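K.L.:
The file below is final10.csv, CSV, C-alpha atoms:
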```csv
chain,number,residue,atom,x,y,z
A,1,MET,CA,-14.9,-2.4,-1.8
A,2,SER,CA,-11.2,-1.5,-1.7
A,3,GLU,CA,-8.6,-3.9,-3.2
A,4,ASP,CA,-7.3,-4.7,0.3
A,5,ALA,CA,-10.8,-5.3,1.6
A,6,GLU,CA,-11.5,-7.6,-1.3
A,7,LEU,CA,-8.3,-9.4,-0.8
A,8,LEU,CA,-9.1,-9.9,2.9
A,9,SER,CA,-12.6,-11.2,2.1
A,10,ARG,CA,-11.2,-13.7,-0.4
A,11,LEU,CA,-8.5,-14.8,2.1
A,12,ARG,CA,-11.1,-15.3,4.8
A,13,SER,CA,-13.3,-17.4,2.6
A,14,GLY,CA,-10.4,-19.6,1.7
A,15,ASP,CA,-10.8,-18.6,-2.0
A,16,ALA,CA,-7.8,-19.7,-4.1
A,17,SER,CA,-8.5,-16.6,-6.3
A,18,ALA,CA,-7.0,-14.6,-3.4
A,19,ILE,CA,-3.6,-15.7,-4.8
A,20,GLU,CA,-4.1,-13.7,-8.0
A,21,LEU,CA,-5.2,-10.6,-6.1
A,22,LEU,CA,-2.3,-10.9,-3.6
A,23,MET,CA,0.1,-11.3,-6.5
A,24,ALA,CA,-1.3,-8.3,-8.4
A,25,SER,CA,-1.4,-6.0,-5.3
A,26,TYR,CA,1.8,-7.0,-3.5
A,27,ALA,CA,4.2,-9.1,-5.5
A,28,ALA,CA,6.2,-6.2,-7.0
A,29,ARG,CA,6.2,-4.1,-3.8
A,30,VAL,CA,7.2,-6.9,-1.5
A,31,TYR,CA,9.8,-8.2,-3.8
A,32,ARG,CA,11.4,-4.8,-4.2
A,33,LEU,CA,11.5,-4.2,-0.5
A,34,VAL,CA,12.8,-7.6,0.3
A,35,TYR,CA,15.4,-7.4,-2.4
A,36,GLY,CA,16.4,-4.0,-1.0
A,37,VAL,CA,17.3,-5.7,2.3
A,38,THR,CA,18.8,-9.0,1.0
A,39,ARG,CA,20.4,-7.6,-2.1
A,40,ASN,CA,20.2,-11.1,-3.6
A,41,GLU,CA,17.6,-12.5,-6.0
A,42,ALA,CA,17.5,-16.1,-4.7
A,43,ASP,CA,17.2,-14.9,-1.1
A,44,ALA,CA,14.5,-12.4,-2.1
A,45,GLN,CA,12.5,-15.1,-3.9
A,46,GLU,CA,12.7,-17.4,-0.9
A,47,VAL,CA,11.6,-14.7,1.5
A,48,VAL,CA,8.7,-13.5,-0.7
A,49,GLN,CA,7.5,-17.1,-0.9
A,50,ASP,CA,7.6,-17.3,3.0
A,51,VAL,CA,5.9,-13.9,3.3
A,52,PHE,CA,3.0,-14.8,1.0
A,53,LEU,CA,2.5,-18.2,2.7
A,54,THR,CA,2.4,-16.5,6.0
A,55,VAL,CA,-0.2,-14.0,4.7
A,56,PHE,CA,-2.4,-17.0,3.7
A,57,ARG,CA,-1.9,-19.0,6.9
A,58,LYS,CA,-2.1,-16.1,9.4
A,59,HIS,CA,-4.6,-13.7,7.8
A,60,ALA,CA,-6.9,-14.4,10.7
A,61,ALA,CA,-4.4,-12.8,13.0
A,62,PHE,CA,-4.7,-9.5,11.1
A,63,GLU,CA,-6.9,-7.4,13.3
A,64,GLY,CA,-7.4,-4.5,11.0
A,65,ARG,CA,-6.0,-1.9,13.4
A,66,SER,CA,-3.5,-0.8,10.7
A,67,ALA,CA,-3.6,-1.0,6.9
A,68,LEU,CA,-3.2,-4.5,5.4
A,69,SER,CA,-0.2,-3.1,3.6
A,70,SER,CA,1.5,-2.3,7.0
A,71,TRP,CA,0.9,-5.8,8.2
A,72,ILE,CA,2.3,-7.3,5.0
A,73,TYR,CA,5.3,-5.0,5.1
A,74,ARG,CA,6.0,-6.0,8.7
A,75,ILE,CA,5.9,-9.7,7.8
A,76,ALA,CA,8.2,-9.0,4.8
A,77,MET,CA,10.7,-6.9,6.7
A,78,ASN,CA,10.8,-9.4,9.6
A,79,ALA,CA,11.4,-12.3,7.2
A,80,ALA,CA,14.0,-10.4,5.1
A,81,LEU,CA,16.0,-9.3,8.2
A,82,ASN,CA,15.8,-12.8,9.7
A,83,LYS,CA,17.1,-14.2,6.4
A,84,ARG,CA,20.1,-11.9,6.6
A,85,ARG,CA,20.7,-12.6,10.2
A,86,GLY,CA,20.8,-16.3,9.4
A,87,LYS,CA,23.3,-15.8,6.6
A,88,ARG,CA,25.6,-13.2,8.1
A,89,VAL,CA,28.8,-14.6,9.4
A,90,GLU,CA,31.1,-11.6,9.4
A,91,VAL,CA,31.1,-9.2,12.2
A,92,GLU,CA,29.2,-6.1,11.3
A,93,THR,CA,31.7,-3.4,10.4
A,94,SER,CA,31.5,-0.2,12.4
A,95,PHE,CA,30.7,2.9,10.4
A,96,ASP,CA,32.0,5.4,13.0
A,97,ALA,CA,34.7,6.4,10.4
A,98,ASP,CA,31.9,7.7,8.2
A,99,LEU,CA,30.3,9.8,10.8
A,100,PRO,CA,31.3,13.4,11.6
A,101,THR,CA,33.9,13.9,14.3
A,102,TYR,CA,34.0,16.9,16.7
A,103,LEU,CA,36.4,18.9,18.8
A,104,ALA,CA,36.0,19.1,22.5
A,105,ASP,CA,34.0,22.3,22.1
A,106,GLY,CA,31.5,20.6,19.8
A,107,HIS,CA,32.7,22.1,16.5
A,108,ARG,CA,33.6,19.9,13.6
A,109,ALA,CA,37.0,18.4,13.5
A,110,GLY,CA,39.0,18.1,10.3
A,111,GLU,CA,40.7,20.0,7.6
A,112,ARG,CA,38.7,23.2,6.8
A,113,ALA,CA,38.8,22.7,3.0
A,114,TYR,CA,37.2,19.2,3.6
A,115,LEU,CA,34.6,20.6,6.0
A,116,LEU,CA,33.6,23.2,3.3
A,117,ALA,CA,33.5,20.6,0.5
A,118,ASP,CA,30.1,21.1,-1.2
A,119,TRP,CA,29.2,18.9,-4.2
A,120,SER,CA,25.5,19.6,-3.8
A,121,GLN,CA,25.3,21.5,-7.1
A,122,THR,CA,26.7,18.7,-9.1
A,123,PRO,CA,24.1,17.7,-11.7
A,124,GLU,CA,22.0,14.6,-10.9
A,125,ALA,CA,23.1,12.8,-14.1
A,126,ALA,CA,26.7,13.2,-13.0
A,127,VAL,CA,26.1,12.0,-9.4
A,128,LEU,CA,24.1,9.0,-10.6
A,129,SER,CA,26.7,7.8,-13.1
A,130,GLY,CA,30.2,6.4,-13.1
A,131,GLU,CA,32.2,6.1,-9.9
A,132,SER,CA,29.9,8.3,-7.7
A,133,ARG,CA,27.0,5.9,-8.5
A,134,THR,CA,29.1,3.0,-7.3
A,135,VAL,CA,30.0,5.0,-4.2
A,136,ILE,CA,26.3,5.4,-3.4
A,137,THR,CA,25.3,1.7,-4.0
A,138,THR,CA,28.4,0.4,-2.1
A,139,ALA,CA,27.7,2.7,0.8
A,140,ILE,CA,24.0,1.6,1.0
A,141,GLU,CA,25.0,-2.1,0.7
A,142,SER,CA,27.6,-1.7,3.5
A,143,LEU,CA,25.0,-0.4,5.9
A,144,PRO,CA,23.9,-2.7,8.7
A,145,ASP,CA,20.6,-4.4,7.5
A,146,HIS,CA,18.3,-2.5,9.8
A,147,TYR,CA,19.8,0.8,8.7
A,148,ARG,CA,19.4,-0.1,5.0
A,149,ALA,CA,15.8,-1.2,5.6
A,150,VAL,CA,14.9,2.1,7.3
A,151,LEU,CA,16.6,4.1,4.5
A,152,ILE,CA,14.7,2.2,1.8
A,153,LEU,CA,11.3,2.3,3.5
A,154,ARG,CA,11.6,6.0,4.4
A,155,ASP,CA,13.5,7.7,1.6
A,156,VAL,CA,12.9,5.3,-1.3
A,157,GLU,CA,9.3,4.1,-0.6
A,158,GLY,CA,8.2,7.3,1.1
A,159,LEU,CA,6.7,5.8,4.2
A,160,SER,CA,6.4,8.0,7.3
A,161,ASN,CA,8.6,7.4,10.4
A,162,GLU,CA,5.5,5.9,12.1
A,163,GLU,CA,4.9,3.5,9.2
A,164,VAL,CA,8.6,2.5,9.1
A,165,ALA,CA,8.5,1.8,12.9
A,166,THR,CA,5.5,-0.4,12.4
A,167,ALA,CA,7.1,-2.3,9.5
A,168,ILE,CA,10.3,-3.1,11.2
A,169,GLY,CA,8.9,-3.4,14.7
A,170,ASP,CA,11.0,-0.7,16.2
A,171,THR,CA,10.4,2.7,18.0
A,172,ILE,CA,10.0,5.9,16.1
A,173,ALA,CA,13.1,7.3,17.9
A,174,SER,CA,15.2,4.4,16.7
A,175,VAL,CA,13.9,4.8,13.1
A,176,LYS,CA,14.9,8.5,13.1
A,177,SER,CA,18.3,7.7,14.6
A,178,ARG,CA,19.1,4.9,12.1
A,179,LEU,CA,17.8,7.0,9.1
A,180,HIS,CA,20.0,9.9,10.1
A,181,ARG,CA,23.1,7.8,10.6
A,182,ALA,CA,22.5,5.9,7.3
A,183,ARG,CA,22.2,9.2,5.4
A,184,MET,CA,25.3,10.6,7.1
A,185,VAL,CA,27.3,7.5,6.1
A,186,VAL,CA,26.3,7.8,2.4
A,187,ARG,CA,27.0,11.6,2.6
A,188,GLU,CA,30.4,11.1,4.0
A,189,ARG,CA,31.4,8.6,1.3
A,190,LEU,CA,30.1,10.8,-1.4
A,191,THR,CA,31.8,13.9,0.0
A,192,ARG,CA,35.1,12.0,0.3
A,193,HIS,CA,34.7,10.8,-3.3
A,194,PHE,CA,34.1,14.3,-4.7
A,195,TYR,CA,36.8,15.9,-2.5
A,196,VAL,CA,39.5,13.5,-3.7
A,197,ASN,CA,38.4,13.8,-7.3
A,198,ALA,CA,37.9,17.6,-7.3
B,1,MET,CA,24.5,25.8,19.6
B,2,THR,CA,27.5,23.7,18.4
B,3,CYS,CA,28.1,21.9,15.1
B,4,LYS,CA,27.5,18.6,16.9
B,5,GLU,CA,24.1,19.7,18.2
B,6,PHE,CA,23.2,21.2,14.8
B,7,ILE,CA,24.1,17.9,12.9
B,8,GLU,CA,22.3,15.8,15.5
B,9,LEU,CA,19.1,17.7,14.8
B,10,LEU,CA,19.5,18.0,11.0
B,11,ALA,CA,17.0,15.4,10.0
B,12,GLU,CA,14.3,16.9,12.2
B,13,TYR,CA,15.3,20.4,11.0
B,14,LEU,CA,14.6,19.3,7.4
B,15,GLU,CA,11.3,17.7,8.4
B,16,MET,CA,10.5,20.9,10.4
B,17,THR,CA,9.6,18.9,13.4
B,18,VAL,CA,11.6,21.0,15.9
B,19,SER,CA,10.1,23.6,18.3
B,20,PRO,CA,10.2,27.2,17.3
B,21,GLU,CA,12.9,27.9,19.9
B,22,THR,CA,15.1,25.1,18.6
B,23,LEU,CA,14.5,26.3,15.0
B,24,ALA,CA,15.7,29.7,15.9
B,25,MET,CA,18.8,28.3,17.5
B,26,LEU,CA,19.5,26.1,14.5
B,27,GLU,CA,19.1,28.9,12.1
B,28,GLU,CA,21.3,31.2,14.2
B,29,HIS,CA,24.0,28.6,14.2
B,30,LEU,CA,23.6,27.9,10.5
B,31,ALA,CA,23.9,31.6,9.5
B,32,GLY,CA,27.3,31.8,11.1
B,33,CYS,CA,28.8,28.4,10.3
B,34,ALA,CA,30.0,27.7,6.7
B,35,PRO,CA,30.9,24.0,7.4
B,36,CYS,CA,27.4,23.3,8.7
B,37,GLN,CA,25.9,25.1,5.6
B,38,ALA,CA,28.0,22.7,3.4
B,39,TYR,CA,26.9,19.8,5.6
B,40,LEU,CA,23.2,20.7,5.3
B,41,ARG,CA,23.4,21.1,1.5
B,42,THR,CA,25.3,17.8,0.9
B,43,TYR,CA,23.1,15.9,3.5
B,44,ARG,CA,19.9,17.0,1.8
B,45,ARG,CA,21.3,16.2,-1.6
B,46,THR,CA,22.5,12.8,-0.4
B,47,ARG,CA,19.0,12.0,0.8
B,48,ASP,CA,17.7,12.7,-2.7
B,49,VAL,CA,20.4,11.1,-4.8
B,50,ALA,CA,20.5,7.9,-2.6
B,51,ALA,CA,16.7,7.5,-3.1
B,52,ALA,CA,17.0,8.1,-6.9
B,53,SER,CA,19.9,5.7,-7.1
B,54,GLU,CA,18.0,3.0,-5.2
B,55,ARG,CA,14.8,3.5,-7.2
B,56,THR,CA,16.7,2.5,-10.3
B,57,THR,CA,18.8,-0.2,-8.6
B,58,LEU,CA,15.9,-2.0,-7.0
B,59,PRO,CA,13.8,-4.2,-9.3
B,60,SER,CA,10.5,-2.6,-10.2
B,61,ASP,CA,8.8,-6.0,-10.4
B,62,MET,CA,9.4,-9.6,-9.7
B,63,PRO,CA,10.8,-11.5,-12.7
B,64,ALA,CA,8.0,-13.2,-14.6
B,65,GLU,CA,9.5,-16.7,-14.1
B,66,MET,CA,9.7,-16.2,-10.4
B,67,LYS,CA,6.1,-14.9,-10.3
B,68,ALA,CA,4.9,-18.0,-12.1
B,69,HIS,CA,6.8,-20.2,-9.7
B,70,LEU,CA,5.4,-18.3,-6.7
B,71,ARG,CA,1.9,-18.6,-8.0
B,72,ALA,CA,2.2,-22.3,-8.5
B,73,PHE,CA,3.8,-22.8,-5.1
B,74,LEU,CA,1.0,-20.9,-3.3
B,75,LEU,CA,-1.7,-22.7,-5.2
B,76,ALA,CA,-0.2,-26.1,-4.3
B,77,GLN,CA,0.0,-25.1,-0.7
B,78,VAL,CA,-3.6,-23.8,-0.6
B,79,LEU,CA,-4.9,-27.0,-2.3
B,80,LYS,CA,-2.8,-29.2,0.1
B,81,GLU,CA,-4.2,-27.4,3.1
B,82,GLU,CA,-7.7,-27.6,1.8
B,83,SER,CA,-7.5,-31.4,1.3
```
Now that the file is in, can you turn its structure into structure tokens?
P.N.:
Amino acid sequence: MSEDAELLSRLRSGDASAIELLMASYAARVYRLVYGVTRNEADAQEVVQDVFLTVFRKHAAFEGRSALSSWIYRIAMNAALNKRRGKRVEVETSFDADLPTYLADGHRAGERAYLLADWSQTPEAAVLSGESRTVITTAIESLPDHYRAVLILRDVEGLSNEEVATAIGDTIASVKSRLHRARMVVRERLTRHFYVNA
Amino acid sequence: MTCKEFIELLAEYLEMTVSPETLAMLEEHLAGCAPCQAYLRTYRRTRDVAAASERTTLPSDMPAEMKAHLRAFLLAQVLKEES
């Protein structure tokens, strides 16, 4: 029997030992994902508590049409995004300034030297340290929550577009669009950083 | 194909989920457009370094104290609901 099947069986029989199995299988994964969205330890703790309680109370609603992990991810992302929605008081900032701009003929607008800026050969250790590391984390943290959630699930956790769509309850087209825009925002901030500091 | 169309299709180009006709148009544009070549390289690198950065930024596990608290909380809830 797989670990998920064993977990489901223990949940269904009301066995308190399901707690240990749930913790062992999902505590780290769910906490990391939820922290990725909330960026706050206290909020992540509260959300994980709610998620696991929901798993205990609503396991009968799990129909087994998708993997148990997908169902748990969906509960987790929904709870994390709701938590952020409840807390956010500021108006979401537009990130249009970090997206490419175009001339009327569809070609890129901007100074040619900037359009040709290419830092892609910079060694990973250099990109992931100092100011450029701060640029990356600040850019990711500044993304609207749904965009950050998609970036984390897809690029960090390696889920497919379909799995991400299931986890956040959105369409595949929307997942693809948000992922692309999130990457473009981070790319723009990094390019600006390396261009100015060249 | 324009730069705007090329950049809009960039993620799908990298995943190779475009049709052969679109692929041919993307590659034809890319071959003659230095700004899009730079955009492609930096976009692809961004995807990789952003993921690497997050992998080390995000916690690999729940802090032990938090885990103990969660375990106790769940057990209390389960026992409460059983009684």
K.L.:
Dump as a PyMOL selection string the residues of chain A that approach chain B to within 6 Å, counting only C-alpha atoms.
P.N.:
chain A and resi 28+32+106-107+115-116+118+120+155-156+187
K.L.:
Just how far from atom CA of A:Val51 is atom CA of A:Arg148, in Å to one decimal?
P.N.:
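About the pair atom CA of A:Arg148 and atom CA of A:Val51: they are 19.4 Å apart.
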K.L.:
Name all residues at most 12 Å from A:Ala61 (count all atoms listed in the file; drop same-chain ones fewer than 4 positions away) and give them as number ranges by chain.
P.N.:
A: 8, 11-12, 54-57, 65, 68, 71-72, 75
K.L.:
For atom CA of A:Leu99 and atom CA of B:Leu23, determine how far apart the two atoms are, in Å to one decimal place.
P.N.:
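Distance reported for this atom pair: 23.2 Å.
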K.L.:
Just checking: using all atoms listed in the file, which residue out of A:Tyr147, A:Tyr102, A:Tyr73, A:Tyr114 ends up closest to A:Ala167?
P.N.:
A:Tyr73
K.L.:
Can you measure atom CA of A:Ser94 to atom CA of A:Val185 for me? One decimal in Å is fine.
P.N.:
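Computing it gives 10.8 Å between the two atoms.
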K.L.:
Name all residues at most 12 Å from A:Asn197 (count only C-alpha atoms; drop same-chain ones fewer than 3 positions away) and give them as a ChimeraX atom specification.
P.N.:
/A:117,119,131-132,190-194
K.L.:
Looking at all atoms listed in the file, which of A:Ser70, A:Asp98, A:Asp50, A:Asp145 is the one that sits closest to A:Arg85?
P.N.:
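Ranked by minimum distance to A:Arg85, first place goes to A:Asp145.
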K.L.:
Can you tell me which residues surround A:Ser69 at a distance of at most 12 Å, considering all atoms listed in the file, apart from same-chain residues fewer than 2 positions away, and format the answer as a list in words?
P.N.:
Glu3, Asp4, Ala5, Leu7, Leu8, Leu22, Ser25, Tyr26, Ala27, Arg29, Val30, Val55, Phe62, Gly64, Arg65, Ser66, Ala67, Trp71, Ile72, Tyr73, Arg74, Ile75, Ala76, Met77, Leu159, Glu163, Val164, Thr166 and Ala167 of chain A
K.L.:
Generate a file of the selected residues that holds C-alpha atoms, formatted as a PDB file, in the frame of the given file.
P.N.:
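Here's the written file result-v4.pdb:
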```
ATOM      1  CA  GLU A   3      -8.600  -3.900  -3.200  1.00  0.00           C
ATOM      2  CA  ASP A   4      -7.300  -4.700   0.300  1.00  0.00           C
ATOM      3  CA  ALA A   5     -10.800  -5.300   1.600  1.00  0.00           C
ATOM      4  CA  LEU A   7      -8.300  -9.400  -0.800  1.00  0.00           C
ATOM      5  CA  LEU A   8      -9.100  -9.900   2.900  1.00  0.00           C
ATOM      6  CA  LEU A  22      -2.300 -10.900  -3.600  1.00  0.00           C
ATOM      7  CA  SER A  25      -1.400  -6.000  -5.300  1.00  0.00           C
ATOM      8  CA  TYR A  26       1.800  -7.000  -3.500  1.00  0.00           C
ATOM      9  CA  ALA A  27       4.200  -9.100  -5.500  1.00  0.00           C
ATOM     10  CA  ARG A  29       6.200  -4.100  -3.800  1.00  0.00           C
ATOM     11  CA  VAL A  30       7.200  -6.900  -1.500  1.00  0.00           C
ATOM     12  CA  VAL A  55      -0.200 -14.000   4.700  1.00  0.00           C
ATOM     13  CA  PHE A  62      -4.700  -9.500  11.100  1.00  0.00           C
ATOM     14  CA  GLY A  64      -7.400  -4.500  11.000  1.00  0.00           C
ATOM     15  CA  ARG A  65      -6.000  -1.900  13.400  1.00  0.00           C
ATOM     16  CA  SER A  66      -3.500  -0.800  10.700  1.00  0.00           C
ATOM     17  CA  ALA A  67      -3.600  -1.000   6.900  1.00  0.00           C
ATOM     18  CA  TRP A  71       0.900  -5.800   8.200  1.00  0.00           C
ATOM     19  CA  ILE A  72       2.300  -7.300   5.000  1.00  0.00           C
ATOM     20  CA  TYR A  73       5.300  -5.000   5.100  1.00  0.00           C
ATOM     21  CA  ARG A  74       6.000  -6.000   8.700  1.00  0.00           C
ATOM     22  CA  ILE A  75       5.900  -9.700   7.800  1.00  0.00           C
ATOM     23  CA  ALA A  76       8.200  -9.000   4.800  1.00  0.00           C
ATOM     24  CA  MET A  77      10.700  -6.900   6.700  1.00  0.00           C
ATOM     25  CA  LEU A 159       6.700   5.800   4.200  1.00  0.00           C
ATOM     26  CA  GLU A 163       4.900   3.500   9.200  1.00  0.00           C
ATOM     27  CA  VAL A 164       8.600   2.500   9.100  1.00  0.00           C
ATOM     28  CA  THR A 166       5.500  -0.400  12.400  1.00  0.00           C
ATOM     29  CA  ALA A 167       7.100  -2.300   9.500  1.00  0.00           C
TER      30      ALA A 167
END
```
